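K.L.:
Contents of run-v6.pdb (PDB, C-alpha atoms) are below:
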```pdb
ATOM      1  CA  MET A   9     -74.247-163.371-125.835  1.00  0.00           C
ATOM      2  CA  THR A  10     -71.069-164.961-124.483  1.00  0.00           C
ATOM      3  CA  THR A  11     -71.151-168.022-122.246  1.00  0.00           C
ATOM      4  CA  THR A  12     -69.820-165.983-119.327  1.00  0.00           C
ATOM      5  CA  MET A  13     -72.684-163.500-119.573  1.00  0.00           C
ATOM      6  CA  LYS A  14     -75.240-166.325-119.596  1.00  0.00           C
ATOM      7  CA  ILE A  15     -74.456-167.252-115.979  1.00  0.00           C
ATOM      8  CA  PHE A  16     -75.875-163.925-114.785  1.00  0.00           C
ATOM      9  CA  LYS A  17     -79.599-163.434-114.531  1.00  0.00           C
ATOM     10  CA  GLN A  18     -80.724-160.518-116.656  1.00  0.00           C
ATOM     11  CA  PHE A  19     -83.126-159.366-113.977  1.00  0.00           C
ATOM     12  CA  ASP A  20     -82.577-160.236-110.340  1.00  0.00           C
ATOM     13  CA  SER A  21     -83.698-159.112-106.917  1.00  0.00           C
ATOM     14  CA  VAL A  22     -81.033-158.985-104.225  1.00  0.00           C
ATOM     15  CA  SER A  23     -81.111-158.099-100.558  1.00  0.00           C
ATOM     16  CA  ASN A  24     -77.820-156.288 -99.863  1.00  0.00           C
ATOM     17  CA  VAL A  25     -77.910-152.632-100.877  1.00  0.00           C
ATOM     18  CA  SER A  26     -74.912-151.444 -98.829  1.00  0.00           C
ATOM     19  CA  ASP A  27     -72.657-150.428-101.733  1.00  0.00           C
ATOM     20  CA  HIS A  28     -75.298-148.621-103.822  1.00  0.00           C
ATOM     21  CA  HIS A  29     -74.333-145.024-104.661  1.00  0.00           C
ATOM     22  CA  TYR A  30     -77.703-143.705-103.430  1.00  0.00           C
ATOM     23  CA  VAL A  31     -78.072-145.855-100.307  1.00  0.00           C
ATOM     24  CA  ARG A  32     -78.114-142.742 -98.084  1.00  0.00           C
ATOM     25  CA  SER A  33     -80.230-140.668-100.459  1.00  0.00           C
ATOM     26  CA  ASN A  34     -83.894-140.197-101.123  1.00  0.00           C
ATOM     27  CA  LEU A  35     -86.185-142.154 -98.875  1.00  0.00           C
ATOM     28  CA  ASN A  36     -83.244-143.561 -96.943  1.00  0.00           C
ATOM     29  CA  GLY A  37     -85.130-146.658 -95.938  1.00  0.00           C
ATOM     30  CA  LYS A  38     -88.246-144.792 -94.861  1.00  0.00           C
ATOM     31  CA  LYS A  39     -91.637-146.340 -95.466  1.00  0.00           C
ATOM     32  CA  ILE A  40     -92.521-146.150 -99.134  1.00  0.00           C
ATOM     33  CA  LYS A  41     -96.116-145.394-100.002  1.00  0.00           C
ATOM     34  CA  ALA A  42     -98.179-148.211-101.478  1.00  0.00           C
ATOM     35  CA  LYS A  43     -98.811-146.276-104.706  1.00  0.00           C
ATOM     36  CA  LEU A  44     -95.072-145.838-105.359  1.00  0.00           C
ATOM     37  CA  THR A  45     -94.422-149.484-104.536  1.00  0.00           C
ATOM     38  CA  LYS A  46     -97.108-150.565-107.001  1.00  0.00           C
ATOM     39  CA  THR A  47     -95.738-148.265-109.734  1.00  0.00           C
ATOM     40  CA  ILE A  48     -92.164-149.472-109.323  1.00  0.00           C
ATOM     41  CA  MET A  49     -93.242-153.131-109.162  1.00  0.00           C
ATOM     42  CA  LYS A  50     -94.987-152.640-112.527  1.00  0.00           C
ATOM     43  CA  GLU A  51     -91.726-151.230-113.912  1.00  0.00           C
ATOM     44  CA  TRP A  52     -89.847-154.244-112.537  1.00  0.00           C
ATOM     45  CA  LYS A  53     -92.246-156.596-114.334  1.00  0.00           C
ATOM     46  CA  ILE A  54     -91.758-154.743-117.634  1.00  0.00           C
ATOM     47  CA  LEU A  55     -87.980-154.927-117.243  1.00  0.00           C
ATOM     48  CA  GLU A  56     -88.030-158.577-116.249  1.00  0.00           C
ATOM     49  CA  GLU A  57     -89.995-159.536-119.354  1.00  0.00           C
ATOM     50  CA  ASN A  58     -88.429-157.200-121.943  1.00  0.00           C
ATOM     51  CA  LEU A  59     -84.724-156.633-121.327  1.00  0.00           C
ATOM     52  CA  PRO A  60     -82.418-156.870-124.341  1.00  0.00           C
ATOM     53  CA  GLU A  61     -79.768-159.553-123.830  1.00  0.00           C
ATOM     54  CA  THR A  62     -77.055-156.938-123.240  1.00  0.00           C
ATOM     55  CA  ILE A  63     -78.743-155.244-120.267  1.00  0.00           C
ATOM     56  CA  PHE A  64     -78.591-156.624-116.731  1.00  0.00           C
ATOM     57  CA  VAL A  65     -80.658-155.193-113.872  1.00  0.00           C
ATOM     58  CA  ARG A  66     -80.548-155.673-110.099  1.00  0.00           C
ATOM     59  CA  VAL A  67     -83.298-154.416-107.830  1.00  0.00           C
ATOM     60  CA  TYR A  68     -83.336-154.435-104.056  1.00  0.00           C
ATOM     61  CA  GLU A  69     -85.861-156.144-101.808  1.00  0.00           C
ATOM     62  CA  GLU A  70     -85.163-153.742 -98.928  1.00  0.00           C
ATOM     63  CA  ARG A  71     -85.022-150.558-101.021  1.00  0.00           C
ATOM     64  CA  ILE A  72     -87.528-150.646-103.851  1.00  0.00           C
ATOM     65  CA  ASP A  73     -86.515-147.066-104.747  1.00  0.00           C
ATOM     66  CA  LEU A  74     -83.021-148.191-105.860  1.00  0.00           C
ATOM     67  CA  LEU A  75     -81.943-150.031-109.002  1.00  0.00           C
ATOM     68  CA  ARG A  76     -78.644-150.971-110.644  1.00  0.00           C
ATOM     69  CA  ALA A  77     -78.070-151.694-114.342  1.00  0.00           C
ATOM     70  CA  VAL A  78     -75.173-152.774-116.515  1.00  0.00           C
ATOM     71  CA  ILE A  79     -75.265-152.286-120.259  1.00  0.00           C
ATOM     72  CA  VAL A  80     -72.848-154.239-122.433  1.00  0.00           C
ATOM     73  CA  GLY A  81     -71.776-152.268-125.500  1.00  0.00           C
ATOM     74  CA  PRO A  82     -73.340-153.684-128.676  1.00  0.00           C
ATOM     75  CA  PRO A  83     -71.380-155.121-131.621  1.00  0.00           C
ATOM     76  CA  THR A  84     -70.464-152.841-134.524  1.00  0.00           C
ATOM     77  CA  THR A  85     -70.137-149.836-132.214  1.00  0.00           C
ATOM     78  CA  PRO A  86     -67.102-148.226-130.568  1.00  0.00           C
ATOM     79  CA  TYR A  87     -68.594-149.414-127.256  1.00  0.00           C
ATOM     80  CA  TYR A  88     -68.543-153.126-128.206  1.00  0.00           C
ATOM     81  CA  ASN A  89     -68.187-155.306-125.088  1.00  0.00           C
ATOM     82  CA  GLY A  90     -67.690-152.238-122.909  1.00  0.00           C
ATOM     83  CA  LEU A  91     -69.454-152.388-119.544  1.00  0.00           C
ATOM     84  CA  PHE A  92     -71.493-149.349-118.555  1.00  0.00           C
ATOM     85  CA  PHE A  93     -72.612-149.314-114.921  1.00  0.00           C
ATOM     86  CA  TYR A  94     -75.556-147.164-113.832  1.00  0.00           C
ATOM     87  CA  VAL A  95     -77.433-146.765-110.577  1.00  0.00           C
ATOM     88  CA  PHE A  96     -80.892-145.261-110.229  1.00  0.00           C
ATOM     89  CA  CYS A  97     -82.799-143.681-107.379  1.00  0.00           C
ATOM     90  CA  PHE A  98     -86.548-143.270-107.815  1.00  0.00           C
ATOM     91  CA  PRO A  99     -88.014-140.157-106.152  1.00  0.00           C
ATOM     92  CA  LYS A 100     -91.016-140.464-103.861  1.00  0.00           C
ATOM     93  CA  ASP A 101     -93.169-138.744-106.514  1.00  0.00           C
ATOM     94  CA  TYR A 102     -92.131-141.076-109.367  1.00  0.00           C
ATOM     95  CA  PRO A 103     -93.256-141.106-112.205  1.00  0.00           C
ATOM     96  CA  ALA A 104     -94.053-137.378-111.989  1.00  0.00           C
ATOM     97  CA  ARG A 105     -90.270-136.882-111.686  1.00  0.00           C
ATOM     98  CA  PRO A 106     -87.703-139.171-113.328  1.00  0.00           C
ATOM     99  CA  PRO A 107     -85.206-141.217-111.343  1.00  0.00           C
ATOM    100  CA  THR A 108     -81.810-139.771-110.521  1.00  0.00           C
ATOM    101  CA  VAL A 109     -79.084-141.581-112.472  1.00  0.00           C
ATOM    102  CA  TYR A 110     -75.400-141.997-111.643  1.00  0.00           C
ATOM    103  CA  TYR A 111     -72.883-143.443-114.116  1.00  0.00           C
ATOM    104  CA  HIS A 112     -69.816-145.209-112.726  1.00  0.00           C
ATOM    105  CA  SER A 113     -67.200-143.772-115.090  1.00  0.00           C
ATOM    106  CA  PHE A 114     -64.096-145.122-113.354  1.00  0.00           C
ATOM    107  CA  GLY A 115     -62.465-141.827-114.354  1.00  0.00           C
ATOM    108  CA  MET A 116     -63.028-142.178-118.104  1.00  0.00           C
ATOM    109  CA  ARG A 117     -65.175-140.021-120.344  1.00  0.00           C
ATOM    110  CA  LEU A 118     -66.298-142.375-123.081  1.00  0.00           C
ATOM    111  CA  ASN A 119     -69.181-140.295-124.360  1.00  0.00           C
ATOM    112  CA  PRO A 120     -70.100-136.586-124.175  1.00  0.00           C
ATOM    113  CA  ASN A 121     -73.305-137.524-122.315  1.00  0.00           C
ATOM    114  CA  LEU A 122     -71.442-139.486-119.616  1.00  0.00           C
ATOM    115  CA  SER A 123     -69.337-137.351-117.304  1.00  0.00           C
ATOM    116  CA  THR A 124     -66.386-138.562-115.235  1.00  0.00           C
ATOM    117  CA  ASN A 125     -68.178-137.328-112.087  1.00  0.00           C
ATOM    118  CA  GLY A 126     -71.127-139.660-112.740  1.00  0.00           C
ATOM    119  CA  TYR A 127     -73.475-137.091-114.246  1.00  0.00           C
ATOM    120  CA  VAL A 128     -75.643-138.447-117.052  1.00  0.00           C
ATOM    121  CA  CYS A 129     -77.002-135.973-119.589  1.00  0.00           C
ATOM    122  CA  LEU A 130     -80.440-137.237-120.566  1.00  0.00           C
ATOM    123  CA  THR A 131     -82.418-135.290-123.103  1.00  0.00           C
ATOM    124  CA  VAL A 132     -85.997-136.278-123.688  1.00  0.00           C
TER
END
```
How would this structure read if it were set down as structure tokens?

P.N.:
Amino acid sequence: MTTTMKIFKQFDSVSNVSDHHYVRSNLNGKKIKAKLTKTIMKEWKILEENLPETIFVRVYEERIDLLRAVIVGPPTTPYYNGLFFYVFCFPKDYPARPPTVYYHSFGMRLNPNLSTNGYVCLTV
């Protein structure tokens, strides 16, 4: 990991959610049920303790249903040192349904699974 990357916390909780792609979506600030809060908090703990050094995550104190992640392209790949920005919105019935994901492409299609309009093709 470069020295510049070391100044950023890998997992951090922030308060300002104003520029998140899904800020007006989903629960839109409505009261989140305790069960969903507990489930997402467990996910946060897993992320906080197990993130690879090339993944950085920001969660939001005011909107537990939103998450932002940056993945730095790994060495020995065509994506080396590339920055891949994703935002997530957890549905109110998570984990029964997966989160909605948006990829900030900045107009470039770098991979067939990452569309320029932000659509992410996830196959499970």

K.L.:
To one decimal place, how far is atom CA of A:Leu75 from atom CA of A:Tyr94 in Å?

P.N.:
8.5 Å

K.L.:
So which residues get picked by the PyMOL selection byres ((chain A and resi 115-123) around 12) here, written as number ranges by chain?

P.N.:
A: 81, 86-87, 90-94, 109-114, 124-131

K.L.:
Report the distance between atom CA of A:Pro103 and atom CA of A:Glu61 in Å, rounded to one decimal place.

P.N.:
25.6 Å

K.L.:
Determine the nearest neighbour of A:Ala42 from the options A:Asp101, A:Arg76, A:Val65, A:Gln18, counting all atoms listed in the file.

P.N.:
A:Asp101

K.L.:
To one decimal place, how far is atom CA of A:Ile72 from atom CA of A:Ile40 in Å?

P.N.:
8.2 Å

K.L.:
Please tell me which residues are no farther than 9 Å from (-83.9, -137.8, -103.9) in the file, counting all atoms listed in the file, and write them as a VMD selection string.

P.N.:
chain A and resid 30 33 to 35 97 to 100 107 to 108

K.L.:
Neighbouring residues of A:Phe64 were defined as those with any atom within 10 Å, considering all atoms listed in the file; residues of the same chain fewer than 6 positions away were excluded. Please report them as a PyMOL selection string.

P.N.:
chain A and resi 13+16-20+55-56+76-80+93

K.L.:
Between A:Asp73, A:Phe96, A:Pro83, A:Ile15, which is the closest to A:Lys46 once you count only C-alpha atoms?

P.N.:
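Using only C-alpha atoms, A:Lys46 sits closest to A:Asp73.
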
K.L.:
Excluding A:Glu69 and any residue of its chain fewer than 2 positions from it, enumerate the residues within 8 Å of it, using all atoms listed in the file, and give them as a PyMOL selection string.

P.N.:
chain A and resi 21-23+67+71-72

K.L.:
When you write stretch 10-132 of chain A out from the block above, keep C-alpha atoms and present the result as a PDB file, in the first residue's frame, please.

P.N.:
```pdb
ATOM      1  CA  THR A  10       1.345   3.449  -0.867  1.00  0.00           C
ATOM      2  CA  THR A  11       2.029   6.063   1.794  1.00  0.00           C
ATOM      3  CA  THR A  12      -0.772   8.245   0.438  1.00  0.00           C
ATOM      4  CA  MET A  13      -3.328   5.466   0.851  1.00  0.00           C
ATOM      5  CA  LYS A  14      -2.231   4.882   4.453  1.00  0.00           C
ATOM      6  CA  ILE A  15      -3.603   8.264   5.566  1.00  0.00           C
ATOM      7  CA  PHE A  16      -7.156   7.097   4.848  1.00  0.00           C
ATOM      8  CA  LYS A  17      -8.941   4.845   7.283  1.00  0.00           C
ATOM      9  CA  GLN A  18     -10.011   1.629   5.611  1.00  0.00           C
ATOM     10  CA  PHE A  19     -13.330   1.682   7.414  1.00  0.00           C
ATOM     11  CA  ASP A  20     -14.835   4.916   8.665  1.00  0.00           C
ATOM     12  CA  SER A  21     -18.163   6.289   9.794  1.00  0.00           C
ATOM     13  CA  VAL A  22     -19.035   9.785   8.617  1.00  0.00           C
ATOM     14  CA  SER A  23     -21.993  12.048   9.222  1.00  0.00           C
ATOM     15  CA  ASN A  24     -22.556  13.911   5.935  1.00  0.00           C
ATOM     16  CA  VAL A  25     -24.485  11.859   3.392  1.00  0.00           C
ATOM     17  CA  SER A  26     -25.572  14.728   1.115  1.00  0.00           C
ATOM     18  CA  ASP A  27     -23.666  13.669  -2.015  1.00  0.00           C
ATOM     19  CA  HIS A  28     -24.512   9.944  -1.891  1.00  0.00           C
ATOM     20  CA  HIS A  29     -26.147   8.677  -5.100  1.00  0.00           C
ATOM     21  CA  TYR A  30     -29.002   7.051  -3.145  1.00  0.00           C
ATOM     22  CA  VAL A  31     -29.607   9.806  -0.586  1.00  0.00           C
ATOM     23  CA  ARG A  32     -33.189  10.283  -1.845  1.00  0.00           C
ATOM     24  CA  SER A  33     -33.859   6.581  -2.352  1.00  0.00           C
ATOM     25  CA  ASN A  34     -35.028   3.717  -0.225  1.00  0.00           C
ATOM     26  CA  LEU A  35     -35.877   4.614   3.326  1.00  0.00           C
ATOM     27  CA  ASN A  36     -35.108   8.269   2.688  1.00  0.00           C
ATOM     28  CA  GLY A  37     -34.241   8.921   6.291  1.00  0.00           C
ATOM     29  CA  LYS A  38     -37.291   7.148   7.673  1.00  0.00           C
ATOM     30  CA  LYS A  39     -37.002   5.197  10.893  1.00  0.00           C
ATOM     31  CA  ILE A  40     -35.121   1.975  10.300  1.00  0.00           C
ATOM     32  CA  LYS A  41     -36.337  -1.092  12.137  1.00  0.00           C
ATOM     33  CA  ALA A  42     -34.158  -2.417  14.942  1.00  0.00           C
ATOM     34  CA  LYS A  43     -33.681  -5.780  13.202  1.00  0.00           C
ATOM     35  CA  LEU A  44     -32.284  -4.129  10.052  1.00  0.00           C
ATOM     36  CA  THR A  45     -30.048  -1.876  12.130  1.00  0.00           C
ATOM     37  CA  LYS A  46     -28.666  -4.890  13.991  1.00  0.00           C
ATOM     38  CA  THR A  47     -28.065  -6.812  10.738  1.00  0.00           C
ATOM     39  CA  ILE A  48     -26.255  -3.928   9.062  1.00  0.00           C
ATOM     40  CA  MET A  49     -24.187  -3.193  12.186  1.00  0.00           C
ATOM     41  CA  LYS A  50     -23.003  -6.826  12.111  1.00  0.00           C
ATOM     42  CA  GLU A  51     -21.985  -6.326   8.470  1.00  0.00           C
ATOM     43  CA  TRP A  52     -20.112  -3.154   9.437  1.00  0.00           C
ATOM     44  CA  LYS A  53     -18.170  -5.074  12.093  1.00  0.00           C
ATOM     45  CA  ILE A  54     -17.205  -7.780   9.582  1.00  0.00           C
ATOM     46  CA  LEU A  55     -16.023  -5.144   7.111  1.00  0.00           C
ATOM     47  CA  GLU A  56     -14.133  -3.192   9.744  1.00  0.00           C
ATOM     48  CA  GLU A  57     -12.182  -6.269  10.818  1.00  0.00           C
ATOM     49  CA  ASN A  58     -11.630  -7.981   7.445  1.00  0.00           C
ATOM     50  CA  LEU A  59     -11.137  -5.489   4.621  1.00  0.00           C
ATOM     51  CA  PRO A  60      -8.274  -6.159   2.210  1.00  0.00           C
ATOM     52  CA  GLU A  61      -5.821  -3.251   2.155  1.00  0.00           C
ATOM     53  CA  THR A  62      -7.075  -2.093  -1.256  1.00  0.00           C
ATOM     54  CA  ILE A  63     -10.711  -1.584  -0.216  1.00  0.00           C
ATOM     55  CA  PHE A  64     -11.933   1.514   1.610  1.00  0.00           C
ATOM     56  CA  VAL A  65     -15.445   1.802   3.052  1.00  0.00           C
ATOM     57  CA  ARG A  66     -17.457   4.730   4.414  1.00  0.00           C
ATOM     58  CA  VAL A  67     -20.710   4.244   6.276  1.00  0.00           C
ATOM     59  CA  TYR A  68     -23.095   6.922   7.453  1.00  0.00           C
ATOM     60  CA  GLU A  69     -24.197   7.590  11.015  1.00  0.00           C
ATOM     61  CA  GLU A  70     -27.444   9.234   9.872  1.00  0.00           C
ATOM     62  CA  ARG A  71     -28.284   6.716   7.136  1.00  0.00           C
ATOM     63  CA  ILE A  72     -27.299   3.204   8.132  1.00  0.00           C
ATOM     64  CA  ASP A  73     -28.870   1.931   4.883  1.00  0.00           C
ATOM     65  CA  LEU A  74     -26.182   3.650   2.753  1.00  0.00           C
ATOM     66  CA  LEU A  75     -22.549   2.702   2.192  1.00  0.00           C
ATOM     67  CA  ARG A  76     -19.723   3.859  -0.074  1.00  0.00           C
ATOM     68  CA  ALA A  77     -16.687   1.818  -1.146  1.00  0.00           C
ATOM     69  CA  VAL A  78     -13.566   2.402  -3.196  1.00  0.00           C
ATOM     70  CA  ILE A  79     -11.573  -0.498  -4.566  1.00  0.00           C
ATOM     71  CA  VAL A  80      -8.010   0.097  -5.724  1.00  0.00           C
ATOM     72  CA  GLY A  81      -7.072  -2.128  -8.658  1.00  0.00           C
ATOM     73  CA  PRO A  82      -4.621  -4.853  -7.604  1.00  0.00           C
ATOM     74  CA  PRO A  83      -1.088  -5.266  -8.991  1.00  0.00           C
ATOM     75  CA  THR A  84      -0.522  -7.577 -11.958  1.00  0.00           C
ATOM     76  CA  THR A  85      -3.956  -6.776 -13.387  1.00  0.00           C
ATOM     77  CA  PRO A  86      -5.068  -4.318 -16.077  1.00  0.00           C
ATOM     78  CA  TYR A  87      -6.849  -2.445 -13.262  1.00  0.00           C
ATOM     79  CA  TYR A  88      -3.654  -1.799 -11.248  1.00  0.00           C
ATOM     80  CA  ASN A  89      -3.987   1.403  -9.191  1.00  0.00           C
ATOM     81  CA  GLY A  90      -7.322   2.192 -10.820  1.00  0.00           C
ATOM     82  CA  LEU A  91      -9.951   3.576  -8.447  1.00  0.00           C
ATOM     83  CA  PHE A  92     -13.389   1.986  -8.602  1.00  0.00           C
ATOM     84  CA  PHE A  93     -16.094   3.890  -6.727  1.00  0.00           C
ATOM     85  CA  TYR A  94     -19.290   2.131  -5.644  1.00  0.00           C
ATOM     86  CA  VAL A  95     -22.269   3.177  -3.568  1.00  0.00           C
ATOM     87  CA  PHE A  96     -24.724   0.801  -1.934  1.00  0.00           C
ATOM     88  CA  CYS A  97     -28.279   1.128  -0.703  1.00  0.00           C
ATOM     89  CA  PHE A  98     -29.581  -1.603   1.591  1.00  0.00           C
ATOM     90  CA  PRO A  99     -33.298  -2.390   1.184  1.00  0.00           C
ATOM     91  CA  LYS A 100     -35.566  -2.469   4.218  1.00  0.00           C
ATOM     92  CA  ASP A 101     -35.827  -6.270   3.876  1.00  0.00           C
ATOM     93  CA  TYR A 102     -32.047  -6.864   3.740  1.00  0.00           C
ATOM     94  CA  PRO A 103     -30.621  -9.564   3.708  1.00  0.00           C
ATOM     95  CA  ALA A 104     -33.622 -11.193   1.997  1.00  0.00           C
ATOM     96  CA  ARG A 105     -32.855  -8.852  -0.932  1.00  0.00           C
ATOM     97  CA  PRO A 106     -29.344  -7.669  -1.825  1.00  0.00           C
ATOM     98  CA  PRO A 107     -28.316  -4.022  -1.726  1.00  0.00           C
ATOM     99  CA  THR A 108     -28.670  -1.877  -4.820  1.00  0.00           C
ATOM    100  CA  VAL A 109     -25.241  -0.985  -6.222  1.00  0.00           C
ATOM    101  CA  TYR A 110     -24.207   1.988  -8.348  1.00  0.00           C
ATOM    102  CA  TYR A 111     -20.774   2.254  -9.986  1.00  0.00           C
ATOM    103  CA  HIS A 112     -19.369   5.725 -10.651  1.00  0.00           C
ATOM    104  CA  SER A 113     -17.972   5.124 -14.142  1.00  0.00           C
ATOM    105  CA  PHE A 114     -17.062   8.718 -14.991  1.00  0.00           C
ATOM    106  CA  GLY A 115     -18.157   7.846 -18.535  1.00  0.00           C
ATOM    107  CA  MET A 116     -15.739   4.950 -19.042  1.00  0.00           C
ATOM    108  CA  ARG A 117     -16.562   1.294 -19.538  1.00  0.00           C
ATOM    109  CA  LEU A 118     -13.585  -0.523 -18.077  1.00  0.00           C
ATOM    110  CA  ASN A 119     -15.214  -3.910 -17.708  1.00  0.00           C
ATOM    111  CA  PRO A 120     -18.224  -5.629 -19.329  1.00  0.00           C
ATOM    112  CA  ASN A 121     -19.851  -5.919 -15.883  1.00  0.00           C
ATOM    113  CA  LEU A 122     -19.552  -2.177 -15.167  1.00  0.00           C
ATOM    114  CA  SER A 123     -21.769   0.008 -17.322  1.00  0.00           C
ATOM    115  CA  THR A 124     -21.220   3.699 -18.048  1.00  0.00           C
ATOM    116  CA  ASN A 125     -24.682   4.430 -16.592  1.00  0.00           C
ATOM    117  CA  GLY A 126     -23.666   2.985 -13.210  1.00  0.00           C
ATOM    118  CA  TYR A 127     -25.307  -0.410 -13.600  1.00  0.00           C
ATOM    119  CA  VAL A 128     -23.340  -3.259 -12.040  1.00  0.00           C
ATOM    120  CA  CYS A 129     -23.923  -6.758 -13.389  1.00  0.00           C
ATOM    121  CA  LEU A 130     -23.612  -9.102 -10.426  1.00  0.00           C
ATOM    122  CA  THR A 131     -24.044 -12.793 -11.000  1.00  0.00           C
ATOM    123  CA  VAL A 132     -24.221 -15.040  -7.993  1.00  0.00           C
TER     124      VAL A 132
END
```
